[in-house]
Structures are given as C-alpha cells and as structure tokens.
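Accompanying notes for the structure given below.
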Amino acid sequence: MRTVYVNGEYLPENEAKVSIFDRGFLMADGVYEVTSVLDGKLIDFDGHAVRLQRSLNELDMANPISKEDLLEVHRELVRLNGIEEGMIYLQITRGAPDDRDFAFPDPEKTPCTVVLFTQNKPGLANNPAALKGMKVISIDDIRWGRRDIKTVQLLYPSMGKMMAKKAGADDAWMIEDGFVTEGTSNNAYIVKGNKIITRALSNDILHGITRAAVLRFAKEAQMEVEERNFTIEEAREADEAFITSASTFVMPVVEIDGVSLGDGTPGHVAPRLREIYLDESLKKAI
C-alpha cells in the first residue's frame with residue numbers, strides 16, 4: 001500500500017481524505033505537476049517547481065509550501081514507496097471553505113489543500129512504445145483559453161483520450177482555427193527536412209518542462225528548430241512526428257488520422273532526442 005502526503009501528513013493511501021467542500025473537487029480550482037523519477041532521482045524538479053509557482057500566481061493562489069519543503073516531500077515519498085522509476089503527482093487546491101460558493105474563500109481562513117502521491121512505473125525509461133511509435137487522431141480543441149496554467153480541469157483531455165481509444169489510436173492532437181495546439185497531455189512536434197517544428201509558447205498551450213529541455217538539447221545538437229503553428233494537413237505530410245511530456249519523455253508518432261508518416265516506423269530525430277534527453281536529464285537528476 002502506498003504512503004501519500006496530505007496537508008503535512010504522510011498517510012496510508014486508504015486513510016487519506018479531503019473535504020467534500022474542497023474547491024478542487026467542486027470547482028476544479030487547483031493546479032498540479034507531475035515529476036518523473038528515474039534511478040530513484042527526480043527529473044527536472046526545479047522546472048516543475050517554477051511552473052507550479054507560475055500557475056499559482058496566475059490563479060491568484062498563495063503557495064502554501066516552500067520549494068525546499070516540497071523537494072523534501074518528493075524525496076521522502078520516493079523513499080517510503082521505494083520508487084526507482086515512476087512519477088510523483090502533486091496537486092494544490094484553493095482549499096475547503098465551510099460551504100460551496102463561486103467566490104474565492106478568504107485565504108487567511110481557508111488554507112490550501114496539498115496532496116502528493118507516487119505512481120510506480122518500472123520500465124518507464126525503456127518503454128517499448130518508443131520503439132514502435134504511437135498513433136494519434138485529430139479532434140477539435142474546445143478547452144478554455146488558459147491552457148498555459150496547469151490546472152486540474154482535465155475533463156476534455158480525458159474525453160480526447162477516450163476518442164482516440166475508440167478510434168484504435170493512442171492519443172489525440174487538438175486543433176484550433178486549423179492549427180494543432182497540443183496533445184491531450186503532451187506537446188506536439190513534426191519534423192520536415194530535418195527541421196523540428198512546434199507551436200510557439202502562448203496561452204494556447206502548456207509550457208512543457210520536457211518541451212523546454214528537449215528544444216534546448218536539440219539546438220545544442222545542431223538541430224534546426226522552428227517555433228510556429230502547423231496544420232494537421234502539414235503534420236500528415238511530415239517526415240516524422242513526436243510528442244514530449246514528463247511521463248513519456250520523447251515519444252515518436254508514426255500515424256496521424258490513419259495516415260502513416262514515412263514508412264510507418266519511428267524516424268531518426270525523435271529516437272535521438274529521446275536518447276539525449278534521458279542521458280542529460282539523468283546527469284542532472286536530484
């Protein structure tokens with residue numbers, strides 16, 4: 001049984017409780033982060049901590065836990081649960097006032113709720129899916145306008161995952177005004193003529209921590225990167241494609257809306273970037 005963290009306490013998962021009045025439950029009024037663990041160490045913890053603070057700032061929510069204390073909680077959960085490869089999920093909500101109300105509660109009277117738990121994922125780095133690639137479909141992007149804030153409003157991405165599953169695919173890329181925004185839980189990329197193309201940062205997409213690292217490594221490896229919008233039609237005609245996220249790292253995409261890219265197997269750019277990312281991230285893991 002897992003040990004989890006709830007508001008300052010380490011508890012068996014079956015004893016962990018949050019109020020029915022918690023605004024994360026009632027209003028999706030909360031933010032989250034997911035940090036990967038490889039070799040028992042945290043991957044890019046600093047990046048996740050910075051983005052967490054940004055998300056809280058954008059929602060006018062005070063950070064109830066210092067970066068140093070948050071790091072200690074992450075490390076303690078890794079230790080208590082014996083995680084060698086896996087993930088740590090963190091969620092902070094605006095807390096549980098005495099009753100349901102659209103208005104924000106007084107932060108002096110209603111402390112934030114802080115929850116963390118681990119997910120044990122042996123073989124995370126050597127995921128066999130990276131060798132064969134994944135299939136995606138395209139769906140309309142009908143989410144709210146602030147996707148740059150990593151909130152717990154994940155209903156439509158969940159629906160997108162199920163649409164993909166129903167279509168015999170692995171994931172969905174979302175389309176807005178004719179252009180790809182991102183995957184349901186990842187950033188999206190195409191490769192054309194050895195040029196890596198991905199949407200530029202804005203309020204329209206999540207500012208991926210893995211995205212930032214991968215693009216930095218790509219430029220250091222003398223790969224050409226172009227940050228611009230691209231259409232789903234352009235994606236179907238690409239030489240290759242891939243996604244990035246904290247849990248998949250770099251994952252090749254070999255089929256879009258039933259159209260195979262290249263010969264239908266991972267190209268050379270995505271596997272090379274995955275290799276570089278894992279090597280460099282492990283060097284800096286804490």
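Following the order of the structure tokens, first chain is A, next is B, and so on, with residues numbered from 1 inside each chain and ligands from 1 in the order they appear.
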Quiz prompt | Long-range neighbours of Pro157 (chain A) as a list of chain:residue names, 9 Å cut-off, only C-alpha atoms, 6 positions minimum in chain | solution = A:Arg143, A:Ala172, A:Gly183, A:Thr184, A:Ser185
Quiz prompt | Surrounding residues of Glu85 (chain A) excluding itself and chain neighbours under 4 positions, 12 Å, only C-alpha atoms, as a ChimeraX atom specification | solution = /A:35-43,78-79,81,118-127,247,282
Quiz item: Using only C-alpha atoms, which of the listed residues (A:His268, A:Lys67, A:Lys150, A:Lys284) sits closest to Ala241 (chain A)?
Solution: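 Selected residue with least distance to Ala241 (chain A): A:His268.
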Exercise. List the neighbours of Gln222 (chain A) out to 12 Å using only C-alpha atoms; skip same-chain residues closer than 6 positions along the sequence, and give me the result as a list in words.
Key: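 Non-adjacent residues within range: Asn194, Lys195, Ile196, Leu215, Arg216, Val269 and Leu273 of chain A.
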Write the selection just made, keeping all heavy atoms, as a compact mmCIF listing (two decimals), in the first residue's frame?
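Here's the written file part11.txt:
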```
# COMPACT_ATOMS: atom_id res chain seq x y z
N ASN A 194 14.47 17.47 -41.71
CA ASN A 194 15.34 17.57 -40.53
C ASN A 194 15.08 18.81 -39.67
O ASN A 194 15.82 19.09 -38.74
CB ASN A 194 16.82 17.52 -40.92
CG ASN A 194 17.22 16.14 -41.43
OD1 ASN A 194 16.77 15.13 -40.92
ND2 ASN A 194 18.05 16.12 -42.46
N LYS A 195 14.04 19.57 -40.00
CA LYS A 195 13.66 20.73 -39.19
C LYS A 195 12.56 20.33 -38.22
O LYS A 195 11.53 19.76 -38.62
CB LYS A 195 13.19 21.87 -40.09
CG LYS A 195 12.78 23.13 -39.31
CD LYS A 195 12.16 24.18 -40.23
CE LYS A 195 13.16 24.72 -41.23
NZ LYS A 195 12.55 25.79 -42.06
N ILE A 196 12.77 20.62 -36.93
CA ILE A 196 11.77 20.34 -35.90
C ILE A 196 10.83 21.54 -35.80
O ILE A 196 11.28 22.67 -35.60
CB ILE A 196 12.45 20.09 -34.54
CG1 ILE A 196 13.38 18.88 -34.63
CG2 ILE A 196 11.40 19.89 -33.45
CD1 ILE A 196 14.31 18.74 -33.43
N LEU A 215 13.94 21.01 -26.57
CA LEU A 215 14.30 22.02 -27.57
C LEU A 215 15.70 22.56 -27.31
O LEU A 215 16.46 22.83 -28.26
CB LEU A 215 13.28 23.16 -27.58
CG LEU A 215 11.88 22.81 -28.10
CD1 LEU A 215 11.00 24.05 -28.14
CD2 LEU A 215 11.93 22.15 -29.47
N ARG A 216 16.06 22.72 -26.04
CA ARG A 216 17.42 23.16 -25.72
C ARG A 216 18.44 22.11 -26.17
O ARG A 216 19.46 22.46 -26.79
CB ARG A 216 17.53 23.39 -24.21
CG ARG A 216 18.90 23.94 -23.78
CD ARG A 216 18.91 24.31 -22.32
NE ARG A 216 18.86 23.15 -21.43
CZ ARG A 216 17.80 22.81 -20.71
NH1 ARG A 216 16.68 23.52 -20.77
NH2 ARG A 216 17.85 21.75 -19.92
N VAL A 269 15.07 11.38 -35.83
CA VAL A 269 15.14 12.56 -34.97
C VAL A 269 14.58 12.28 -33.58
O VAL A 269 15.25 12.52 -32.56
CB VAL A 269 14.41 13.77 -35.60
CG1 VAL A 269 14.35 14.94 -34.62
CG2 VAL A 269 15.12 14.20 -36.89
N LEU A 273 16.57 12.30 -30.00
CA LEU A 273 16.23 13.27 -28.97
C LEU A 273 15.86 12.58 -27.66
O LEU A 273 16.20 13.06 -26.57
CB LEU A 273 15.07 14.16 -29.42
CG LEU A 273 15.41 15.31 -30.36
CD1 LEU A 273 14.14 16.00 -30.82
CD2 LEU A 273 16.35 16.31 -29.68
```
Would you mind listing what lies within 10 Å of Gly264 (chain A) as a PDB file with C-alpha atoms, in the first residue's frame, with only C-alpha atoms counted and same-chain residues fewer than 6 positions away left out?
```pdb
ATOM      1  CA  LYS A 132       7.253   1.250 -32.436  1.00  0.00           C
ATOM      2  CA  GLY A 133       5.785   4.749 -32.088  1.00  0.00           C
ATOM      3  CA  MET A 134       2.236   5.840 -31.398  1.00  0.00           C
ATOM      4  CA  LYS A 135      -0.869   6.642 -33.432  1.00  0.00           C
ATOM      5  CA  ASP A 239       8.709  13.075 -42.401  1.00  0.00           C
ATOM      6  CA  GLU A 240       8.149  12.200 -38.765  1.00  0.00           C
ATOM      7  CA  VAL A 253       4.316   9.440 -33.616  1.00  0.00           C
ATOM      8  CA  VAL A 254       4.054   7.180 -36.662  1.00  0.00           C
ATOM      9  CA  GLU A 255       0.446   7.692 -37.759  1.00  0.00           C
TER      10      GLU A 255
END
```
Practice problem: Mind giving me the straight-line distance from CA of Met27 (chain A) to CA of Pro64 (chain A) in Å, one decimal? | Solution: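 Rounded to one decimal, the two atoms are 19.1 Å apart.
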Quiz prompt | Backbone-only DSSP, helix (DSSP H, G or I) members of region 64-280 of chain A, as a PyMOL selection string | solution = chain A and resi 67-81+129-132+155-166+209-220+232-236+269-280
Quiz item: Which one of A:Leu70, A:Ile286, A:Met159, A:Ile190 sits closest to Leu52 (chain A) if you count only C-alpha atoms?
Solution: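 Selected residue with least distance to Leu52 (chain A): A:Leu70.
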Exercise. May I have the residues within 8 Å of Asn7 (chain A) as a PyMOL selection string, using only C-alpha atoms and disregarding those fewer than 4 positions away in the same chain?
Key: chain A and resi 113-115
Can I get the selected residues back with all heavy atoms, as a PDB file, in the first residue's frame?
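Once everything was written out, this is part_1.pdb:
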```
ATOM      1  N   THR A 113      -5.189  23.131   0.035  1.00  0.00           N
ATOM      2  CA  THR A 113      -5.025  21.684   0.186  1.00  0.00           C
ATOM      3  C   THR A 113      -3.815  21.253  -0.639  1.00  0.00           C
ATOM      4  O   THR A 113      -3.689  21.640  -1.802  1.00  0.00           O
ATOM      5  CB  THR A 113      -6.269  20.931  -0.320  1.00  0.00           C
ATOM      6  OG1 THR A 113      -7.399  21.305   0.476  1.00  0.00           O
ATOM      7  CG2 THR A 113      -6.079  19.428  -0.244  1.00  0.00           C
ATOM      8  N   VAL A 114      -2.930  20.483  -0.030  1.00  0.00           N
ATOM      9  CA  VAL A 114      -1.731  19.995  -0.715  1.00  0.00           C
ATOM     10  C   VAL A 114      -1.712  18.472  -0.658  1.00  0.00           C
ATOM     11  O   VAL A 114      -1.731  17.891   0.433  1.00  0.00           O
ATOM     12  CB  VAL A 114      -0.447  20.549  -0.073  1.00  0.00           C
ATOM     13  CG1 VAL A 114       0.785  20.075  -0.848  1.00  0.00           C
ATOM     14  CG2 VAL A 114      -0.476  22.066  -0.006  1.00  0.00           C
ATOM     15  N   VAL A 115      -1.686  17.848  -1.819  1.00  0.00           N
ATOM     16  CA  VAL A 115      -1.703  16.385  -1.913  1.00  0.00           C
ATOM     17  C   VAL A 115      -0.589  15.924  -2.838  1.00  0.00           C
ATOM     18  O   VAL A 115      -0.389  16.509  -3.916  1.00  0.00           O
ATOM     19  CB  VAL A 115      -3.064  15.886  -2.464  1.00  0.00           C
ATOM     20  CG1 VAL A 115      -3.024  14.395  -2.764  1.00  0.00           C
ATOM     21  CG2 VAL A 115      -4.194  16.209  -1.497  1.00  0.00           C
TER      22      VAL A 115
END
```
Self-check item: Thr181 (chain A) environment, 12 Å, only C-alpha atoms, sequence neighbours closer than 4 positions dropped, as JSON, numbers by chain
Solution: {"A": [138, 139, 140, 141, 142, 143, 145, 147, 148, 172, 173, 174, 175, 176, 177, 185, 186, 187, 188, 189, 198, 199, 200, 201, 202, 203, 204, 205, 206, 207, 228, 229, 230, 231, 232, 235, 243]}
Quiz prompt | Residues within 10 Å of Leu131 (chain A), only C-alpha atoms, excluding chain neighbours under 5 positions, as a list in words | solution =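 Selected residues are Asn126, Met251, Pro252, Thr265, Pro266 and Pro271 of chain A.
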Please produce a file of the residues just selected, as a PDB file, in the first residue's frame, where the atoms kept are N, CA, C and O atoms.
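Saved as part22.pdb:
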```pdb
ATOM      1  N   ASN A 126      12.550   2.684 -20.524  1.00  0.00           N
ATOM      2  CA  ASN A 126      12.678   1.741 -21.641  1.00  0.00           C
ATOM      3  C   ASN A 126      11.314   1.305 -22.159  1.00  0.00           C
ATOM      4  O   ASN A 126      11.100   0.127 -22.480  1.00  0.00           O
ATOM      5  N   MET A 251       8.391  10.742 -27.420  1.00  0.00           N
ATOM      6  CA  MET A 251       7.716   9.562 -27.966  1.00  0.00           C
ATOM      7  C   MET A 251       7.385   9.773 -29.447  1.00  0.00           C
ATOM      8  O   MET A 251       6.671  10.711 -29.793  1.00  0.00           O
ATOM      9  N   PRO A 252       7.911   8.916 -30.333  1.00  0.00           N
ATOM     10  CA  PRO A 252       7.627   9.071 -31.762  1.00  0.00           C
ATOM     11  C   PRO A 252       6.146   8.879 -32.085  1.00  0.00           C
ATOM     12  O   PRO A 252       5.463   8.073 -31.439  1.00  0.00           O
ATOM     13  N   THR A 265       7.328   3.785 -39.326  1.00  0.00           N
ATOM     14  CA  THR A 265       8.142   3.463 -38.147  1.00  0.00           C
ATOM     15  C   THR A 265       8.834   4.741 -37.672  1.00  0.00           C
ATOM     16  O   THR A 265       8.934   5.716 -38.423  1.00  0.00           O
ATOM     17  N   PRO A 266       9.307   4.770 -36.417  1.00  0.00           N
ATOM     18  CA  PRO A 266       9.973   5.977 -35.927  1.00  0.00           C
ATOM     19  C   PRO A 266      11.150   6.373 -36.820  1.00  0.00           C
ATOM     20  O   PRO A 266      11.903   5.520 -37.282  1.00  0.00           O
ATOM     21  N   PRO A 271      13.922   9.365 -31.883  1.00  0.00           N
ATOM     22  CA  PRO A 271      14.703   8.444 -31.052  1.00  0.00           C
ATOM     23  C   PRO A 271      16.014   9.056 -30.553  1.00  0.00           C
ATOM     24  O   PRO A 271      16.420   8.815 -29.413  1.00  0.00           O
TER      25      PRO A 271
END
```
Exercise. From a DSSP pass on the backbone, collect the residues of region 87-212 of chain A flagged as strand (DSSP E) and hand them back as number ranges by chain.
Key: A: 87-93, 113-120, 134-140, 171-176, 179-183, 187-192, 195-198
Exercise. May I ask for the distance between CA of Pro111 (chain A) and CA of Gly95 (chain A), given in Å to one decimal place?
Key: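 Between CA of Pro111 (chain A) and CA of Gly95 (chain A) the gap is 5.6 Å.
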Quiz item: Which is closer to Ser260 (chain A) than all the others in A:Met223, A:Leu155, A:Ile137, A:Ile276, using only C-alpha atoms?
Solution: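 Residue with the minimum atom-to-atom distance to Ser260 (chain A): A:Ile137.
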